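Colleague: This structure is in structure tokens; I'll ask about it shortly.
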Amino acid sequence: METMLPYRALDLTGELGWLCGKILADWGADVIKVEPPGGDPGRSAEPSVAGSDGSVSLAWLAFNVGKRSVVLDLEDDADRDRFLRLVEASDFVLESFTPGYLGRLGLSFERLRAVNPRIILTSITPYGQSTPGAAAPASDLEIMAAGGAAWLAGDPDRPPVRITEPQAGAWASLHAALGTLVAHHYRQNSGVGQHVDVSAQAAVVTALAHAPYFYDLNGEVPARHGPFLVGRNVAGVAMRNVWACRDGHISFAVYGGVAGRTSNRHLVSWMAERGMAPDWLLAVDWDTFDVTALTAVEVARLEAAIAPFVATLTRREFAEEAARRRILGYPVSRADDIASDPQLDAREVWQDVTVAELGRPLLYPSGFPRFGSTVPRLARRAPLPGEHDAEILGQPVAGQR
Amino acid sequence: MSDTPNDPAAVQALSEVRVVELGGFAAGPCVGKHLADHGAEVIRIESRVALDGFRTNYPPFKDNLPGIERSALFAFTNDNKLGVTLNLKTEPGVRLARRLIASADVVIENFTPGVMERLGLGYDVLASADESLVMLSTCNQGATGPRARQPGFGTQLTALSGFIEVTGWPDRDPSLLFGPYIDYIAAAYGACAVLAALDRRRRTGAGCHIDLSQYESGLLFVAPALLGYFADGRIAGRSGNRHPTAAPHGIYPCRGEQRWVAISVHDDDEWRRLRTALGDPPWAATPDLDSQAGRKANEEDLDGHLAAWTASRSRDAVVDALRGQVVHAAPVNDMADLFSDPQLAAHDFWRPLDHAEVGDHHAEGPPYRLSATPAVIESPAPLLGEHTHQVFAGLLGMTEEELAQLDAEGAFY
């Protein structure tokens with residue numbers, strides 16, 4: 001089968017935008033990381049893993065796999081000319097500089113378009129190119145806060161929290177890839193390139209599900225409830241969704257609807273097999289059970305009945321039995337659960353990639369989605385800085401390596 | 001930018017693409033929504049036999065009165081689409097679905113694997129009529145493997161994919177993320193995949209059947225933690241708002257009820273600027289705090305001092321003061337704040353719509369602005385079956401007699 005995306009992208013992004021080019025590279029694009037002298041400063045960001053020559057960022061390795069690298073000093077005239085020659089031969093430019101920086105270097109969208117009228121420039125920033133305060137510095141924490149995600153996470157008696165594993169760059173990059181491909185579709189039909197202006201803050205808002213609409217429709221402001229689920233019950237009752245089990249946590253809820261009914265029935269019969277289902281629970285008619293109308297007292301009684309049963313289970317036991325018994329729930333997976341999940345093994349998700357900085361292979365998630373018989377695989381490891389200078393530029397370039 | 005939001009005369013990037021969508025909830029329909037944002041003609045097939053759970057089961061409903069046309073979730077997941085009803089449990093309903101799909105470029109569905117085949121709408125059947133068809137099947141864990149058919153909701157699937165374990169406080173149960181977080185990853189990723197497949201089709205003429213696992217899509221967003229495990233066995237955990245090296249790095253209370261600000265400092269220069277913004281208080285002059293390692297070692301004290309400073313000030317005043325010194329700071333926007341946030345507004349994120357029963361409400365525009373083909377969000381989510389006649393008479397050119405006959409056979413229920 002022919003390559004999915006036989007196009008070239010010049011990737012000038014920092015951490016906020018790395019994943020965008022990675023998605024394009026996963027699907028066959030030739031993505032060239034254009035790094036400043038000394039390499040992308042994000043290469044050594046924490047958390048990192050010790051390599052033979054200093055530590056290397058895990059996020060760097062995760063999101064720059066599949067790319068090539070050249071080192072160019074965009075503040076140097078000769079290197080800037082080299083960059084513009086690459087633009088002539090490219091389809092996309094991806095960048096995440098502070099708004100205005102590229103323009104000050106003489107590399108505005110208009111300049112790139114003058115060199116290549118078909119070029120698509122994708123700019124990935126915390127708040128977009130032209131919003132008030134667009135240049136304010138923002139890391140994952142600030143973007144998750146400004147995008148409303150922090151407000152919804154954490155315990156009610158403590159401050160809101162971000163997800164400890166940074167997410168804002170992934171959201172911004174995913175939507176940057178989408179905007180880039182939308183612009184590409186139009187360009188292939190019309191010959192016209194354009195500027196794609198991504199706001200990471202807005203990208204995070206897309207993750208909030210229906211929470212903003214409680215305010216939009218009814219003036220209500222849902223808030224964080226830790227392990228409890230809100231916004232599923234017309235009476236506003238919070239229902240437990242993260243439960244302590246023997247070796248960690250599992251996630252399920254007593255749900256309504258046809259699927260929920262079936263799930264609830266199977267959970268109770270499993271409890272009954274272990275002699276842990278109280279008589280009143282066995283007597284519930286799940287066909288008429290309406291989760292949206294439960295009162296707080298009824299929800300508390302359900303939780304008190306179910307929690308002691310869950311406490312006897314391991315994460316793995318719940319994972320296996322929930323699948324077998326068609327119960328709507330999953331373990332609260334840790335990295336080791338995901339790494340050993342038979343479903344992912346059966347789907348051949350793990351790909352060995354030898355990491356230059358470590359001198360040994362790591363397993364990467366890859367192979368998704370499947371485009372019919374075309375299963376995308378990582379084409380190359382994350383590059384060393386300027387590793388492909390010679391093959392891409394064809395001659396030595398200025399600046400310190 | 002030459003962006004003119006909601007100018008109906010504006011050129012749309014995907015205007016020649018027709019999409020037929022089957023399924024419900026978020027994971028499938030959000031893919032169609034991403035394409036409809038740019039003018040793709042997305043035709044959503046529903047049926048009164050089994051209504052979309054978003055119409056029936058989930059608040060908020062307008063004025064808290066449940067009703068199948070009053071659901072916010074349905075409204076903001078399906079704006080800019082056409083809605084038809086077809087009873088796929090009837091032979092004429094399936095026949096019409098096939099005919100509609102034969103006229104389309106893309107089919108999106110998020111039933112449990114096997115359901116489309118049982119309905120007679122499997123990829124093999126559909127592609128035999130049109131080998132250039134691009135079909136996206138999105139489900140929890142993929143179409144193959146031992147758990148392919150395990151049912152589940154996105155909120156719990158978010159736990160399976162590793163997000164919940166790393167959210168919250170180390171001494172507490174993990175925290176939820178409110179909704180089916182992972183569905184929105186898979187939906188945007190799925191829309192990317194459809195566009196990549198359409199690109200290949202343009203070059204080769206060949207369509208394909210995309211098998212998208214929402215679980216696998218989620219792994220993209222936690223990949224660094226997975227690599228960390230494979231590198232040295234470390235298990236990523238939750239640490240409130242702490243950062244591996246930066247300090248201070250937290251969310252602090254401001255004046256008023258539940259007003260919070262996010263603040264972080266990433267190098268020594270920024271620390272000096274923060275001190276200036278704070279008015280150089282004596283506690284901040286300690287040489288211990290001049291280095292990142294020193295600040296990290298004293299982060300508990302730092303948090304206490306900073307919280308004492310923020311607590312007596314309004315959130316916006318804190319943000320202004322810190323941004324004025326180029327220090328990382330942002331409001332913790334609550335759900336009301338999002339609708340008045342000046343940066344989201346300037347980015348044309350919220351798009352006003354008027355729905356027959358929900359009334360005035362907002363839908364989301366794309367989080368990116370396109371300079372040549374800005375997204376136009378112009379029609380609210382369809383009422384149940386609102387466009388059935390328009391689609392089958394107008395787009396497919398069927399006669400009134402044919403439609404009446406099919407209606408009598410129950411095809412449009």
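Residues are referred to by chain and number: the chain letter is A, B, ... according to the order shown in the structure tokens, the number counts from 1 in that chain, and ligands are numbered separately from 1 in the order shown.
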Could you tell me, as a PyMOL selection string, which residues of segment 222-390 of chain B DSSP assigns to strand (DSSP E) when given the backbone?
Modeller: chain B and resi 249-253+260-264+328-331+350-355+359-364+368-370
Colleague: Pick out each residue of segment 155-353 of chain A that DSSP on the backbone tags as helix (DSSP H, G or I); I need them as a VMD selection string.
Modeller: chain A and resid 168 to 190 200 to 205 211 to 218 257 to 273 279 to 282 291 to 293 296 to 310 315 to 325 335 to 339 342 to 346
Colleague: Within 6 Å of chain A, which residues of chain B come that close, and what is the closest atom pair and distance in Å for each? Count only C-alpha atoms and give it as CSV.
Modeller:
residue,atom,partner,partner_atom,distance
B:Ala13,CA,A:Tyr186,CA,4.8
B:Tyr58,CA,A:Arg232,CA,5.4
B:Pro59,CA,A:Val234,CA,5.9
B:Pro60,CA,A:Phe214,CA,5.6
B:Lys62,CA,A:Leu217,CA,5.6
B:Asp63,CA,A:Asn218,CA,5.7
B:Leu73,CA,A:His210,CA,5.9
B:Gly145,CA,A:Ala346,CA,5.2
B:Pro146,CA,A:Gln343,CA,5.9
B:Gln150,CA,A:Ala323,CA,5.6
B:Gly152,CA,A:Leu328,CA,4.8
B:Gln156,CA,A:Ser251,CA,5.6
B:Ala159,CA,A:Val332,CA,4.6
B:Leu160,CA,A:Ser333,CA,5.0
B:Gly162,CA,A:Ser333,CA,5.0
B:Glu165,CA,A:Val332,CA,5.9
B:Val166,CA,A:Thr164,CA,5.5
B:Thr167,CA,A:Ile163,CA,4.7
B:Gly168,CA,A:Gly154,CA,5.1
B:Ser175,CA,A:Gly226,CA,4.2
B:Leu176,CA,A:Pro227,CA,5.4
B:Leu177,CA,A:Ala153,CA,5.5
B:Gly179,CA,A:Ala209,CA,5.4
B:Tyr181,CA,A:Ala207,CA,5.5
B:Tyr184,CA,A:Ala207,CA,5.8
B:Cys192,CA,A:Leu178,CA,5.1
B:Arg200,CA,A:Met4,CA,5.6
B:Cys208,CA,A:Gly372,CA,5.3
B:His209,CA,A:Gly372,CA,4.9
B:Ile210,CA,A:Phe371,CA,4.5
B:Asp211,CA,A:Arg370,CA,5.1
B:Leu212,CA,A:Pro369,CA,4.8
B:Phe221,CA,A:Ala170,CA,6.0
B:Ala223,CA,A:Ala62,CA,5.9
B:Pro224,CA,A:Ala59,CA,4.9
B:Leu226,CA,A:Ala335,CA,5.7
B:Ile235,CA,A:Ala335,CA,5.8
B:Arg238,CA,A:Thr164,CA,5.5
B:Gly240,CA,A:Val161,CA,5.7
B:Asn241,CA,A:Val161,CA,5.6
B:Ala262,CA,A:Glu142,CA,5.5
B:His328,CA,A:Pro137,CA,5.1
B:Ala330,CA,A:Glu142,CA,5.1
B:Pro331,CA,A:Ala146,CA,5.6
B:Val332,CA,A:Ala145,CA,4.3
B:Asn333,CA,A:Gly148,CA,5.0
B:Asp334,CA,A:Trp151,CA,5.7
B:Met335,CA,A:Pro212,CA,4.8
B:Ala336,CA,A:Tyr215,CA,5.9
B:Gln343,CA,A:Thr131,CA,5.1
B:Ala346,CA,A:Thr131,CA,5.2
B:Pro367,CA,A:Ala202,CA,4.9
B:Tyr368,CA,A:Val198,CA,4.0
B:Arg369,CA,A:Asp197,CA,5.0
B:Leu370,CA,A:Val196,CA,4.9
B:Ser371,CA,A:His195,CA,5.3
B:Ala372,CA,A:Gln194,CA,5.7
Colleague: Keeping only C-alpha atoms, take the residues you just selected and write them out as a PDB file, in the first residue's frame.
Modeller:
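Output (selection-v6.pdb):
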ATOM      1  CA  ALA B  13     -11.845  23.625   3.425  1.00  0.00           C
ATOM      2  CA  TYR B  58     -27.048  12.803  30.413  1.00  0.00           C
ATOM      3  CA  PRO B  59     -27.580  16.202  31.951  1.00  0.00           C
ATOM      4  CA  PRO B  60     -27.441  19.073  31.440  1.00  0.00           C
ATOM      5  CA  LYS B  62     -32.042  23.003  29.111  1.00  0.00           C
ATOM      6  CA  ASP B  63     -33.609  24.331  32.336  1.00  0.00           C
ATOM      7  CA  LEU B  73     -24.245  17.017  24.982  1.00  0.00           C
ATOM      8  CA  GLY B 145      -7.809  -8.772  20.258  1.00  0.00           C
ATOM      9  CA  PRO B 146      -9.306 -10.597  23.229  1.00  0.00           C
ATOM     10  CA  GLN B 150     -15.821  -5.486  25.811  1.00  0.00           C
ATOM     11  CA  GLY B 152     -17.406   0.397  28.221  1.00  0.00           C
ATOM     12  CA  GLN B 156     -13.597   4.543  32.694  1.00  0.00           C
ATOM     13  CA  ALA B 159      -8.523   5.065  33.630  1.00  0.00           C
ATOM     14  CA  LEU B 160      -7.492   2.050  31.528  1.00  0.00           C
ATOM     15  CA  GLY B 162      -3.328   5.531  32.450  1.00  0.00           C
ATOM     16  CA  GLU B 165      -3.589   7.009  38.146  1.00  0.00           C
ATOM     17  CA  VAL B 166      -1.558  10.191  37.515  1.00  0.00           C
ATOM     18  CA  THR B 167      -4.241  12.687  38.531  1.00  0.00           C
ATOM     19  CA  GLY B 168      -4.669  13.946  42.082  1.00  0.00           C
ATOM     20  CA  SER B 175      -9.180  11.949  40.784  1.00  0.00           C
ATOM     21  CA  LEU B 176     -11.490  11.727  37.808  1.00  0.00           C
ATOM     22  CA  LEU B 177     -11.284  14.132  34.872  1.00  0.00           C
ATOM     23  CA  GLY B 179     -15.850  13.259  31.516  1.00  0.00           C
ATOM     24  CA  TYR B 181     -11.387  12.599  28.417  1.00  0.00           C
ATOM     25  CA  TYR B 184     -11.899  13.591  22.762  1.00  0.00           C
ATOM     26  CA  CYS B 192      -6.764  13.326  11.406  1.00  0.00           C
ATOM     27  CA  ARG B 200      -4.145   8.756  -0.048  1.00  0.00           C
ATOM     28  CA  CYS B 208      -9.712   1.892   3.389  1.00  0.00           C
ATOM     29  CA  HIS B 209     -11.272   0.759   6.631  1.00  0.00           C
ATOM     30  CA  ILE B 210      -9.690   2.542   9.596  1.00  0.00           C
ATOM     31  CA  ASP B 211      -9.697   0.572  12.848  1.00  0.00           C
ATOM     32  CA  LEU B 212      -9.233   3.116  15.631  1.00  0.00           C
ATOM     33  CA  PHE B 221      -0.703  11.292  25.472  1.00  0.00           C
ATOM     34  CA  ALA B 223       3.869   7.909  25.954  1.00  0.00           C
ATOM     35  CA  PRO B 224       6.643   9.565  28.036  1.00  0.00           C
ATOM     36  CA  LEU B 226       5.408   4.414  29.217  1.00  0.00           C
ATOM     37  CA  ILE B 235       5.899   3.889  37.648  1.00  0.00           C
ATOM     38  CA  ARG B 238       0.331  11.592  40.890  1.00  0.00           C
ATOM     39  CA  GLY B 240      -0.770  17.192  42.984  1.00  0.00           C
ATOM     40  CA  ASN B 241       0.684  20.138  41.102  1.00  0.00           C
ATOM     41  CA  ALA B 262      -1.608  28.846  38.620  1.00  0.00           C
ATOM     42  CA  HIS B 328       4.305  32.077  34.327  1.00  0.00           C
ATOM     43  CA  ALA B 330      -2.767  32.000  34.598  1.00  0.00           C
ATOM     44  CA  PRO B 331      -6.236  32.068  36.088  1.00  0.00           C
ATOM     45  CA  VAL B 332      -7.753  28.714  37.009  1.00  0.00           C
ATOM     46  CA  ASN B 333     -10.815  29.256  34.875  1.00  0.00           C
ATOM     47  CA  ASP B 334     -14.031  27.727  36.138  1.00  0.00           C
ATOM     48  CA  MET B 335     -16.799  26.743  33.731  1.00  0.00           C
ATOM     49  CA  ALA B 336     -18.354  30.226  33.815  1.00  0.00           C
ATOM     50  CA  GLN B 343      -8.236  34.955  25.026  1.00  0.00           C
ATOM     51  CA  ALA B 346     -10.356  36.590  20.686  1.00  0.00           C
ATOM     52  CA  PRO B 367      -9.136  25.420  18.665  1.00  0.00           C
ATOM     53  CA  TYR B 368      -7.152  26.570  15.650  1.00  0.00           C
ATOM     54  CA  ARG B 369      -7.950  29.402  13.263  1.00  0.00           C
ATOM     55  CA  LEU B 370      -7.433  28.994   9.535  1.00  0.00           C
ATOM     56  CA  SER B 371      -6.405  32.167   7.731  1.00  0.00           C
ATOM     57  CA  ALA B 372      -7.843  31.308   4.293  1.00  0.00           C
TER      58      ALA B 372
END
Colleague: What's the separation between atom CA of Asp79 of chain B and atom CA of Tyr215 of chain B, in Å to one decimal place?
Modeller: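 Pair atom CA of Asp79 of chain B / atom CA of Tyr215 of chain B returns 26.0 Å.
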Colleague: For Gly294 of chain B, work out the shell of residues within 12 Å, counting only C-alpha atoms and skipping chain neighbours fewer than 2 positions away, then give it as a ChimeraX atom specification.
Modeller: /B:245-248,267-268,271,284,286-292,296-302
